[in-house]
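Comments concern the structure below.
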Amino acid sequence: DFIQDYFIHLDTEDKNLITGRIVLNGSNIANKNILIKVPELEIKKKIVTDSIGVVSFKISSENIEYWYTENPKLYQVIIKTLADEVEDQIGFRSIKTKGKHILLNNKPIFLKGISIHEESPIKGGRANSLEDSKQLLEWAKELGCNYVRLAHYPHNEHMLRLADKMGMLVWEENPVYWTISWDNLETYQNAENQLSEVLNRDKNRASV
């Protein structure tokens, strides 16, 4: 029995509310106790799964420090059952659009950024290590960027987690951009699956 998935984020309407959903997998997952902890916010909440091992929750806190490009605050979040434990670093923020404006924590933000390929300009070839990702994002920071576009495919997870820590907003893509066989059903299904996969992987990243 294990923690298969979780989505934990700031509520879209209430800035003092953390909301989420946890999914267990295994043979004995109904009516199971789950403990959620955010030590820095003194949050320690017990919840119970339903008959298929799923539970949604809401936790109120007036002390949340919001993730922002200039202050990329991350909180240690711990999810624990008797059989499994998962720890993540999650930033809480709201992001929405209003007319032509992008609002981060209800404040307009102007995106200054560049496109990045997952390539090393020094070693050559794929940039798939933690050090490679750090170098690329640090160079973007030095250029004055608060935003990067990861062209044209899902990059390594290092990039997203570092962007969370460095306060860099991220545009992610799947590889559907040139010479696509739009009439081919399998091509479309492949693209749809890749988009679903990257959404599922990175849904807890404040930077995305």
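Identifiers in this document derive from the order of the structure tokens: chains are assigned A, B, ..., residues are numbered from 1 separately in each chain, and ligands are numbered from 1 in order of occurrence.
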
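Using only C-alpha atoms, the residues found no farther than 6 Å from region 135-148 of chain A, other than those of its own chain fewer than 5 positions away, are Leu111, Lys112, Gly113, Ile114, Ser115, Met168, Leu169 and Val170 of chain A.
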
Quick one: write out the picked residues with N, CA, C and O atoms as a PDB file, in the first residue's frame?
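Final output, saved to selection_24.pdb:
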ATOM      1  N   LEU A 111       6.099  39.246 -17.670  1.00  0.00           N
ATOM      2  CA  LEU A 111       7.041  38.158 -17.884  1.00  0.00           C
ATOM      3  C   LEU A 111       8.213  38.624 -18.749  1.00  0.00           C
ATOM      4  O   LEU A 111       8.024  39.141 -19.842  1.00  0.00           O
ATOM      5  N   LYS A 112       9.417  38.426 -18.228  1.00  0.00           N
ATOM      6  CA  LYS A 112      10.650  38.721 -18.963  1.00  0.00           C
ATOM      7  C   LYS A 112      11.425  37.419 -19.073  1.00  0.00           C
ATOM      8  O   LYS A 112      11.910  36.901 -18.071  1.00  0.00           O
ATOM      9  N   GLY A 113      11.517  36.873 -20.272  1.00  0.00           N
ATOM     10  CA  GLY A 113      12.110  35.544 -20.331  1.00  0.00           C
ATOM     11  C   GLY A 113      12.679  35.165 -21.675  1.00  0.00           C
ATOM     12  O   GLY A 113      12.703  35.947 -22.620  1.00  0.00           O
ATOM     13  N   ILE A 114      13.148  33.935 -21.734  1.00  0.00           N
ATOM     14  CA  ILE A 114      13.748  33.369 -22.934  1.00  0.00           C
ATOM     15  C   ILE A 114      13.295  31.922 -23.081  1.00  0.00           C
ATOM     16  O   ILE A 114      12.729  31.335 -22.163  1.00  0.00           O
ATOM     17  N   SER A 115      13.557  31.357 -24.261  1.00  0.00           N
ATOM     18  CA  SER A 115      13.325  29.933 -24.494  1.00  0.00           C
ATOM     19  C   SER A 115      14.606  29.159 -24.192  1.00  0.00           C
ATOM     20  O   SER A 115      15.707  29.628 -24.495  1.00  0.00           O
ATOM     21  N   MET A 168      11.595  31.304 -10.525  1.00  0.00           N
ATOM     22  CA  MET A 168      11.500  31.459 -11.974  1.00  0.00           C
ATOM     23  C   MET A 168      10.197  30.832 -12.463  1.00  0.00           C
ATOM     24  O   MET A 168       9.969  29.641 -12.261  1.00  0.00           O
ATOM     25  N   LEU A 169       9.335  31.618 -13.086  1.00  0.00           N
ATOM     26  CA  LEU A 169       8.117  31.061 -13.670  1.00  0.00           C
ATOM     27  C   LEU A 169       8.462  30.259 -14.919  1.00  0.00           C
ATOM     28  O   LEU A 169       9.426  30.585 -15.618  1.00  0.00           O
ATOM     29  N   VAL A 170       7.679  29.228 -15.196  1.00  0.00           N
ATOM     30  CA  VAL A 170       8.013  28.282 -16.270  1.00  0.00           C
ATOM     31  C   VAL A 170       6.808  28.021 -17.162  1.00  0.00           C
ATOM     32  O   VAL A 170       5.700  27.767 -16.681  1.00  0.00           O
TER      33      VAL A 170
END

> Could you write out, as a ChimeraX atom specification, all the residues of chain A that DSSP marks as strand (DSSP E)?
Replying inline: /A:2-10,17-25,33-38,43-48,54-60,75-80,85-90,95-98,101-104,107-108,113-116,147-150,169-172

> Which residue out of A:Asn105, A:Ser133, A:Thr81, A:Asn71 has the minimum interatomic distance to Asn25 (chain A) when only C-alpha atoms are used?
Replying inline: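 Closest to Asn25 (chain A) of all the choices is A:Thr81.
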
Give me, as a Markdown table, each residue of region 77-118 of chain A that comes within 12 Å of region 187-204 of chain A, together with its shortest interatomic pair and the distance in Å at one decimal, counting only C-alpha atoms, with rows ordered by chain and rising residue number.
| residue | atom | partner | partner_atom | distance |
| --- | --- | --- | --- | --- |
| A:Val77 | CA | A:Asn204 | CA | 11.0 |
| A:Asp88 | CA | A:Asn204 | CA | 9.0 |
| A:Gln89 | CA | A:Asn204 | CA | 8.9 |
| A:Ile90 | CA | A:Asn204 | CA | 6.6 |
| A:Gly91 | CA | A:Asn204 | CA | 8.2 |
| A:Phe92 | CA | A:Asn204 | CA | 9.3 |
| A:Arg93 | CA | A:Asn204 | CA | 10.8 |

>> Please return, as a PyMOL selection string, all residues of region 10-191 of chain A that DSSP assigns to alpha helix (DSSP H) on the basis of the backbone.
In response: chain A and resi 130-142+157-166+185-191

>> Report as number ranges by chain all protein, DNA and RNA residues lying within 12 Å of Tyr68 (chain A), evaluated on only C-alpha atoms, omitting residues in the same chain fewer than 2 positions from it.
In response: A: 65-66, 70-74, 91-95, 103-109, 146-147, 163-169, 206-208

>> Give me the residues near Ile64 (chain A) as a PyMOL selection string, where near means some atom within 8 Å (using only C-alpha atoms) and where sequence neighbours in that chain fewer than 3 positions away do not count.
In response: chain A and resi 16+41+61+92

> So which residues touch Lys37 (chain A) within 9 Å, counting only C-alpha atoms, skipping near sequence neighbours fewer than 6 positions away, as a PyMOL selection string?
Replying inline: chain A and resi 43-46+76-80

> If you count only C-alpha atoms, which residues fall within 6 Å of Gly20 (chain A), apart from same-chain ones fewer than 3 positions away, as a PyMOL selection string?
Replying inline: chain A and resi 7-8+56-57

Would you save the residues of that selection, restricted to C-alpha atoms, as a PDB file, in the first residue's frame?
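Generated output (selection-v4.pdb):
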ATOM      1  CA  PHE A   7      -2.055  17.589  -5.439  1.00  0.00           C
ATOM      2  CA  ILE A   8      -1.595  20.268  -2.763  1.00  0.00           C
ATOM      3  CA  SER A  56      -9.824  15.634  -0.505  1.00  0.00           C
ATOM      4  CA  PHE A  57      -9.087  18.179   2.191  1.00  0.00           C
TER       5      PHE A  57
END

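Interatomic distance, CA of Arg126 (chain A) to CA of Pro175 (chain A): 16.1 Å.
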
> Can you tell me how far CA of Lys123 (chain A) sits from CA of Arg205 (chain A), in Å to one decimal?
Replying inline: 28.3 Å

> Skipping near chain neighbours, those fewer than 4 positions away, what residues fall within 10 Å of Asn31 (chain A) using only C-alpha atoms, listed as a list in words?
Replying inline: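 Listed by chain and then number, they are Ile47, Val48, Thr49, Asp50, Ser51, Ile52, Gly53, Val54 and Val55 of chain A.
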